[in-house]
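The file target-v1.pdb comes next; it holds PDB, C-alpha atoms, pLDDT in the B column.
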ATOM      1  CA  MET A 124      82.761  88.079  79.874  1.00 95.00           C
ATOM      2  CA  LEU A 125      83.881  91.375  81.396  1.00 97.00           C
ATOM      3  CA  VAL A 126      84.843  91.612  85.067  1.00 98.00           C
ATOM      4  CA  ARG A 127      86.004  94.289  87.484  1.00 97.00           C
ATOM      5  CA  LEU A 128      88.433  93.511  90.274  1.00 97.00           C
ATOM      6  CA  LEU A 129      89.402  95.822  93.123  1.00 97.00           C
ATOM      7  CA  TYR A 130      92.360  95.121  95.361  1.00 97.00           C
ATOM      8  CA  ALA A 131      94.559  96.850  97.911  1.00 96.00           C
ATOM      9  CA  SER A 132      98.238  96.317  98.589  1.00 95.00           C
ATOM     10  CA  ARG A 133     101.098  97.945 100.414  1.00 94.00           C
ATOM     11  CA  ALA A 134     104.164  99.203  98.579  1.00 90.00           C
ATOM     12  CA  VAL A 135     107.391  97.453  99.523  1.00 91.00           C
ATOM     13  CA  ASP A 136     109.290 100.528  98.296  1.00 85.00           C
ATOM     14  CA  ALA A 137     107.212 103.710  98.406  1.00 76.00           C
ATOM     15  CA  GLY A 138     109.700 105.757  96.385  1.00 80.00           C
ATOM     16  CA  PRO A 139     108.431 107.750  93.397  1.00 82.00           C
ATOM     17  CA  GLU A 140     110.557 105.660  91.034  1.00 87.00           C
ATOM     18  CA  THR A 141     108.697 102.501  92.048  1.00 83.00           C
ATOM     19  CA  ILE A 142     105.279 104.108  91.568  1.00 80.00           C
ATOM     20  CA  ASP A 143     106.341 105.522  88.190  1.00 83.00           C
ATOM     21  CA  ALA A 144     107.635 102.088  87.119  1.00 86.00           C
ATOM     22  CA  ILE A 145     104.354 100.390  88.062  1.00 83.00           C
ATOM     23  CA  LEU A 146     102.325 103.001  86.175  1.00 80.00           C
ATOM     24  CA  SER A 147     104.602 102.848  83.144  1.00 85.00           C
ATOM     25  CA  GLN A 148     104.455  99.064  83.041  1.00 86.00           C
ATOM     26  CA  SER A 149     100.654  99.117  83.384  1.00 83.00           C
ATOM     27  CA  ARG A 150     100.259 101.649  80.602  1.00 82.00           C
ATOM     28  CA  GLN A 151     102.594  99.674  78.361  1.00 86.00           C
ATOM     29  CA  PHE A 152     101.131  96.193  78.813  1.00 85.00           C
ATOM     30  CA  ASN A 153      97.468  96.693  79.775  1.00 87.00           C
ATOM     31  CA  PRO A 154      96.211  97.743  76.310  1.00 87.00           C
ATOM     32  CA  SER A 155      97.412  94.527  74.671  1.00 90.00           C
ATOM     33  CA  GLY A 156      95.543  92.511  77.326  1.00 91.00           C
ATOM     34  CA  GLY A 157      92.391  94.596  77.047  1.00 93.00           C
ATOM     35  CA  ILE A 158      92.858  95.836  80.619  1.00 93.00           C
ATOM     36  CA  THR A 159      91.663  99.240  81.799  1.00 90.00           C
ATOM     37  CA  GLY A 160      91.660 100.661  85.298  1.00 87.00           C
ATOM     38  CA  ILE A 161      92.517 103.175  87.975  1.00 85.00           C
ATOM     39  CA  LEU A 162      95.410 103.149  90.444  1.00 84.00           C
ATOM     40  CA  CYS A 163      95.109 105.183  93.621  1.00 84.00           C
ATOM     41  CA  TYR A 164      98.220 105.527  95.756  1.00 81.00           C
ATOM     42  CA  GLY A 165      98.852 107.211  99.074  1.00 79.00           C
ATOM     43  CA  VAL A 166     100.750 106.689 102.319  1.00 80.00           C
ATOM     44  CA  GLY A 167     102.302 103.481 101.009  1.00 85.00           C
ATOM     45  CA  ILE A 168      98.990 101.909  99.954  1.00 88.00           C
ATOM     46  CA  PHE A 169      97.733 101.001  96.497  1.00 88.00           C
ATOM     47  CA  LEU A 170      94.025 100.815  95.690  1.00 91.00           C
ATOM     48  CA  GLN A 171      93.490  99.582  92.165  1.00 91.00           C
ATOM     49  CA  ALA A 172      90.470  98.717  90.070  1.00 93.00           C
ATOM     50  CA  ILE A 173      91.155  96.696  86.931  1.00 94.00           C
ATOM     51  CA  GLU A 174      88.637  95.557  84.361  1.00 95.00           C
ATOM     52  CA  GLY A 175      88.650  93.474  81.238  1.00 96.00           C
ATOM     53  CA  GLY A 176      88.108  89.883  80.223  1.00 97.00           C
ATOM     54  CA  ARG A 177      87.872  87.407  83.089  1.00 97.00           C
ATOM     55  CA  GLU A 178      90.986  85.467  82.072  1.00 97.00           C
ATOM     56  CA  ALA A 179      93.109  88.585  81.474  1.00 96.00           C
ATOM     57  CA  VAL A 180      92.074  90.185  84.778  1.00 97.00           C
ATOM     58  CA  SER A 181      92.668  86.957  86.702  1.00 97.00           C
ATOM     59  CA  GLU A 182      96.104  86.557  85.116  1.00 96.00           C
ATOM     60  CA  LEU A 183      97.063  90.151  85.910  1.00 95.00           C
ATOM     61  CA  TYR A 184      95.891  89.820  89.502  1.00 97.00           C
ATOM     62  CA  GLY A 185      97.986  86.658  89.827  1.00 97.00           C
ATOM     63  CA  HIS A 186     101.046  88.616  88.650  1.00 94.00           C
ATOM     64  CA  ILE A 187     100.314  91.418  91.109  1.00 94.00           C
ATOM     65  CA  GLN A 188     100.106  88.930  93.993  1.00 96.00           C
ATOM     66  CA  LYS A 189     103.598  87.653  93.071  1.00 96.00           C
ATOM     67  CA  ASP A 190     105.083  91.094  92.296  1.00 94.00           C
ATOM     68  CA  PRO A 191     107.837  91.839  94.849  1.00 94.00           C
ATOM     69  CA  ARG A 192     106.867  95.533  94.786  1.00 91.00           C
ATOM     70  CA  HIS A 193     103.557  94.652  96.522  1.00 93.00           C
ATOM     71  CA  LYS A 194     102.829  93.076  99.893  1.00 96.00           C
ATOM     72  CA  ASP A 195      99.622  92.432 101.832  1.00 97.00           C
ATOM     73  CA  VAL A 196      97.627  92.069  98.600  1.00 97.00           C
ATOM     74  CA  VAL A 197      93.919  91.801  99.456  1.00 97.00           C
ATOM     75  CA  LEU A 198      90.995  91.246  97.098  1.00 98.00           C
ATOM     76  CA  LEU A 199      88.320  93.810  98.023  1.00 97.00           C
ATOM     77  CA  HIS A 200      85.707  93.324  95.317  1.00 97.00           C
ATOM     78  CA  TYR A 201      85.132  91.209  92.204  1.00 97.00           C
ATOM     79  CA  GLU A 202      82.134  91.328  89.910  1.00 97.00           C
ATOM     80  CA  GLU A 203      80.949  90.501  86.433  1.00 97.00           C
ATOM     81  CA  ILE A 204      80.077  93.695  84.567  1.00 97.00           C
ATOM     82  CA  SER A 205      78.068  94.491  81.452  1.00 97.00           C
ATOM     83  CA  GLU A 206      80.247  97.453  80.511  1.00 96.00           C
ATOM     84  CA  ARG A 207      83.523  99.033  81.542  1.00 94.00           C
ATOM     85  CA  ARG A 208      83.607 102.018  83.855  1.00 90.00           C
ATOM     86  CA  TYR A 209      87.231 102.900  83.039  1.00 85.00           C
ATOM     87  CA  SER A 210      87.191 102.254  79.280  1.00 83.00           C
ATOM     88  CA  GLY A 211      89.164 105.402  78.476  1.00 78.00           C
ATOM     89  CA  TRP A 212      91.916 104.653  80.964  1.00 73.00           C
ATOM     90  CA  THR A 213      94.849 102.327  80.358  1.00 68.00           C
ATOM     91  CA  MET A 214      95.757 103.214  83.943  1.00 69.00           C
ATOM     92  CA  GLY A 215      94.613 106.432  85.548  1.00 68.00           C
ATOM     93  CA  GLN A 216      96.457 107.669  88.615  1.00 74.00           C
ATOM     94  CA  VAL A 217      95.295 109.468  91.736  1.00 77.00           C
ATOM     95  CA  ASP A 218      97.777 111.419  93.833  1.00 74.00           C
ATOM     96  CA  VAL A 219      96.099 111.106  97.220  1.00 78.00           C
ATOM     97  CA  THR A 220      98.347 113.794  98.707  1.00 77.00           C
ATOM     98  CA  ARG A 221      96.543 116.307  96.465  1.00 80.00           C
ATOM     99  CA  VAL A 222      92.992 115.102  97.140  1.00 85.00           C
ATOM    100  CA  ASN A 223      90.719 117.224  99.320  1.00 86.00           C
ATOM    101  CA  THR A 224      90.804 115.466 102.700  1.00 88.00           C
ATOM    102  CA  ARG A 225      87.017 115.867 103.018  1.00 91.00           C
ATOM    103  CA  ILE A 226      86.598 113.332 100.204  1.00 91.00           C
ATOM    104  CA  LEU A 227      88.749 110.781 102.021  1.00 90.00           C
ATOM    105  CA  LEU A 228      87.038 111.486 105.345  1.00 92.00           C
ATOM    106  CA  LYS A 229      83.649 110.941 103.723  1.00 93.00           C
ATOM    107  CA  TYR A 230      84.556 107.275 103.141  1.00 92.00           C
ATOM    108  CA  SER A 231      86.819 106.464 106.069  1.00 89.00           C
ATOM    109  CA  GLU A 232      87.354 107.020 109.783  1.00 90.00           C
ATOM    110  CA  ARG A 233      90.408 109.181 109.070  1.00 88.00           C
ATOM    111  CA  ALA A 234      91.262 111.510 106.193  1.00 88.00           C
ATOM    112  CA  GLU A 235      93.652 109.051 104.573  1.00 86.00           C
ATOM    113  CA  LEU A 236      93.529 106.247 102.068  1.00 87.00           C
ATOM    114  CA  ASP A 237      92.891 103.033 104.000  1.00 91.00           C
ATOM    115  CA  PRO A 238      91.020 100.432 101.934  1.00 94.00           C
ATOM    116  CA  TYR A 239      91.901  97.792 104.539  1.00 95.00           C
ATOM    117  CA  SER A 240      89.447  99.353 106.989  1.00 93.00           C
ATOM    118  CA  VAL A 241      86.420  99.731 104.681  1.00 95.00           C
ATOM    119  CA  SER A 242      84.418  97.484 102.384  1.00 95.00           C
ATOM    120  CA  GLY A 243      85.147  97.015  98.711  1.00 95.00           C
ATOM    121  CA  LYS A 244      81.938  98.834  97.827  1.00 95.00           C
ATOM    122  CA  VAL A 245      83.044 101.847  99.866  1.00 96.00           C
ATOM    123  CA  SER A 246      86.413 101.819  98.094  1.00 95.00           C
ATOM    124  CA  LEU A 247      84.646 101.714  94.715  1.00 94.00           C
ATOM    125  CA  ALA A 248      82.486 104.669  95.789  1.00 94.00           C
ATOM    126  CA  LEU A 249      85.643 106.572  96.707  1.00 92.00           C
ATOM    127  CA  LEU A 250      87.099 105.904  93.250  1.00 88.00           C
ATOM    128  CA  GLU A 251      83.862 107.131  91.670  1.00 88.00           C
ATOM    129  CA  GLU A 252      84.032 110.362  93.642  1.00 90.00           C
ATOM    130  CA  LEU A 253      87.681 110.849  92.752  1.00 85.00           C
ATOM    131  CA  MET A 254      86.727 110.496  89.090  1.00 82.00           C
ATOM    132  CA  ALA A 255      83.831 112.933  89.491  1.00 81.00           C
ATOM    133  CA  THR A 256      86.070 115.538  91.111  1.00 80.00           C
ATOM    134  CA  ALA A 257      88.767 115.212  88.417  1.00 68.00           C
ATOM    135  CA  SER A 258      91.309 113.966  90.916  1.00 73.00           C
ATOM    136  CA  ILE A 259      92.544 111.293  88.503  1.00 68.00           C
ATOM    137  CA  VAL A 260      95.351 111.956  86.030  1.00 69.00           C
ATOM    138  CA  GLY A 261      96.973 109.872  83.344  1.00 61.00           C
ATOM    139  CA  ARG A 262      94.026 109.162  81.077  1.00 51.00           C
ATOM    140  CA  SER A 263      95.282 107.490  77.936  1.00 49.00           C
TER
END

Here is the file; what I need is its structure written in the form of structure tokens.
Amino acid sequence: MLVRLLYASRAVDAGPETIDAILSQSRQFNPSGGITGILCYGVGIFLQAIEGGREAVSELYGHIQKDPRHKDVVLLHYEEISERRYSGWTMGQVDVTRVNTRILLKYSERAELDPYSVSGKVSLALLEELMATASIVGRS
């Protein structure tokens, strides 16, 4: 059974080394667990969609909740899926500082990444638009 999980969290340390370490670790370990996904980061906030088998996704989310690099971890959306949306991505990355602010403003009250103030479905729609506008890098 395939599932998709979307969560938000705040970075404990917003330094580039921390973000690079999270991405590197995801890209190293996700393929062996059958995990694919997208990580969006900006202004100290992570928005991540992960998909794969139910057990693998649940286990990964449990690790993320305990990871000292994350705080305020919130589940935004969880669903069973018939096919992956991010099958070609071990972990794509969005640099929100380079995204056209009109895209962010389309889905939020302010032109910034704030998944805490919108629904999970709105956050998924934002990720879809970021994919459509080629704002995501790191396809593996």

TODO: Taking the file as shown, find all residues satisfying the PyMOL selection byres ((chain A and resi 202-208) around 12) and write them as a PyMOL selection string.
DONE: chain A and resi 124-129+157-161+172-177+180-181+198-201+209-213+215+243-244+247+250-251+254

- [ ] Give me, please, the distance in Å between CA of Leu227 (chain A) and CA of Ser246 (chain A), quoted to one decimal.
- [x]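 Value for the CA of Leu227 (chain A)-CA of Ser246 (chain A) distance: 10.1 Å.
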
Open item on the list: So, with only C-alpha atoms as the atoms that count, which of A:Glu235, A:Glu178, A:Asp190, A:Asp218 lies closest to Ser258 (chain A)?
Closed with: A:Asp218

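By chain and then residue number, the residues within 10 Å of Cys163 (chain A) are A:Ala131, A:Ile168, A:Phe169, A:Leu170, A:Gln171, A:Ala172, A:Met214, A:Gly215, A:Gln216, A:Val217, A:Asp218, A:Val219, A:Leu236, A:Leu250, A:Leu253, A:Ser258, A:Ile259, counting all atoms listed in the file and disregarding those fewer than 5 positions away in sequence.
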
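Our summary of the geometry notes that CA of Ser242 (chain A) is positioned 19.1 Å from CA of Lys194 (chain A).
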
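Relative to CA of His193 (chain A), CA of Ala144 (chain A) is found at 12.7 Å.
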
How big is the axis-aligned box around all listed atoms of region 196-200 of chain A once 3 Å goes on each side, and where's its centre, in Å to one decimal, as JSON?
{"center_x": 91.7, "center_y": 92.5, "center_z": 97.4, "size_x": 17.9, "size_y": 8.6, "size_z": 10.1}

TODO: Return the single residue from A:Asn223, A:Ser147, A:Ser231, A:Thr141 that is closest to Thr256 (chain A), with distances computed using all atoms listed in the file.
DONE: A:Asn223

Some atoms are missing, so please complete region 182-193 of chain A with all heavy atoms and return it as a CSV table (one decimal), in the frame of the given file.
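Result went into out36.csv, see below:
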chain,number,residue,atom,x,y,z
A,182,GLU,N,94.7,86.7,85.3
A,182,GLU,CA,96.1,86.6,85.1
A,182,GLU,C,96.9,87.8,85.7
A,182,GLU,O,97.9,87.6,86.3
A,182,GLU,CB,96.4,86.4,83.6
A,182,GLU,CG,97.8,86.1,83.3
A,182,GLU,CD,98.1,85.9,81.8
A,182,GLU,OE1,97.2,85.2,81.2
A,182,GLU,OE2,99.1,86.3,81.3
A,183,LEU,N,96.4,89.0,85.4
A,183,LEU,CA,97.1,90.2,85.9
A,183,LEU,C,97.1,90.2,87.4
A,183,LEU,O,98.1,90.5,88.1
A,183,LEU,CB,96.4,91.4,85.4
A,183,LEU,CG,97.0,92.7,85.9
A,183,LEU,CD1,98.4,92.9,85.6
A,183,LEU,CD2,96.2,93.9,85.3
A,184,TYR,N,96.0,89.8,88.0
A,184,TYR,CA,95.9,89.8,89.5
A,184,TYR,C,96.9,88.8,90.1
A,184,TYR,O,97.5,89.0,91.1
A,184,TYR,CB,94.5,89.5,90.0
A,184,TYR,CG,94.3,89.6,91.5
A,184,TYR,CD1,94.6,90.8,92.2
A,184,TYR,CD2,93.9,88.5,92.2
A,184,TYR,CE1,94.4,90.8,93.6
A,184,TYR,CE2,93.8,88.5,93.6
A,184,TYR,CZ,94.0,89.7,94.3
A,184,TYR,OH,93.9,89.7,95.6
A,185,GLY,N,97.0,87.7,89.4
A,185,GLY,CA,98.0,86.7,89.8
A,185,GLY,C,99.4,87.2,89.8
A,185,GLY,O,100.2,87.0,90.7
A,186,HIS,N,99.7,88.0,88.7
A,186,HIS,CA,101.0,88.6,88.6
A,186,HIS,C,101.2,89.6,89.8
A,186,HIS,O,102.3,89.7,90.3
A,186,HIS,CB,101.2,89.3,87.3
A,186,HIS,CG,101.4,88.3,86.2
A,186,HIS,ND1,102.5,87.5,86.1
A,186,HIS,CD2,100.7,88.1,85.1
A,186,HIS,CE1,102.4,86.8,85.0
A,186,HIS,NE2,101.3,87.1,84.3
A,187,ILE,N,100.2,90.4,90.1
A,187,ILE,CA,100.3,91.4,91.1
A,187,ILE,C,100.6,90.8,92.5
A,187,ILE,O,101.4,91.2,93.2
A,187,ILE,CB,99.0,92.3,91.2
A,187,ILE,CG1,99.0,93.2,89.9
A,187,ILE,CG2,99.0,93.1,92.4
A,187,ILE,CD1,97.6,93.8,89.6
A,188,GLN,N,99.9,89.6,92.7
A,188,GLN,CA,100.1,88.9,94.0
A,188,GLN,C,101.6,88.4,94.1
A,188,GLN,O,102.1,88.4,95.3
A,188,GLN,CB,99.2,87.7,94.1
A,188,GLN,CG,97.7,88.2,94.3
A,188,GLN,CD,96.8,87.0,94.3
A,188,GLN,OE1,96.7,86.2,93.3
A,188,GLN,NE2,96.0,86.8,95.4
A,189,LYS,N,102.2,88.1,93.0
A,189,LYS,CA,103.6,87.7,93.1
A,189,LYS,C,104.6,88.8,92.9
A,189,LYS,O,105.8,88.5,93.1
A,189,LYS,CB,103.8,86.6,92.0
A,189,LYS,CG,103.0,85.4,92.1
A,189,LYS,CD,103.1,84.5,90.9
A,189,LYS,CE,102.1,83.4,90.9
A,189,LYS,NZ,102.0,82.7,89.6
A,190,ASP,N,104.2,90.0,92.6
A,190,ASP,CA,105.1,91.1,92.3
A,190,ASP,C,105.8,91.5,93.6
A,190,ASP,O,105.1,91.8,94.6
A,190,ASP,CB,104.3,92.3,91.7
A,190,ASP,CG,105.1,93.4,91.2
A,190,ASP,OD1,106.2,93.7,91.8
A,190,ASP,OD2,104.7,94.1,90.3
A,191,PRO,N,107.1,91.5,93.6
A,191,PRO,CA,107.8,91.8,94.8
A,191,PRO,C,107.7,93.3,95.3
A,191,PRO,O,108.1,93.7,96.4
A,191,PRO,CB,109.3,91.5,94.5
A,191,PRO,CG,109.4,91.5,93.0
A,191,PRO,CD,108.0,91.1,92.5
A,192,ARG,N,107.1,94.1,94.4
A,192,ARG,CA,106.9,95.5,94.8
A,192,ARG,C,105.6,95.7,95.6
A,192,ARG,O,105.4,96.8,96.2
A,192,ARG,CB,106.8,96.4,93.5
A,192,ARG,CG,108.0,96.4,92.7
A,192,ARG,CD,107.8,97.1,91.4
A,192,ARG,NE,106.8,96.3,90.5
A,192,ARG,CZ,106.6,96.6,89.3
A,192,ARG,NH1,107.2,97.6,88.7
A,192,ARG,NH2,105.7,95.9,88.6
A,193,HIS,N,104.8,94.6,95.7
A,193,HIS,CA,103.6,94.7,96.5
A,193,HIS,C,103.6,93.7,97.7
A,193,HIS,O,104.2,92.6,97.6
A,193,HIS,CB,102.4,94.2,95.7
A,193,HIS,CG,102.1,95.1,94.5
A,193,HIS,ND1,101.2,96.1,94.6
A,193,HIS,CD2,102.5,95.1,93.2
A,193,HIS,CE1,101.1,96.7,93.4
A,193,HIS,NE2,101.9,96.1,92.6
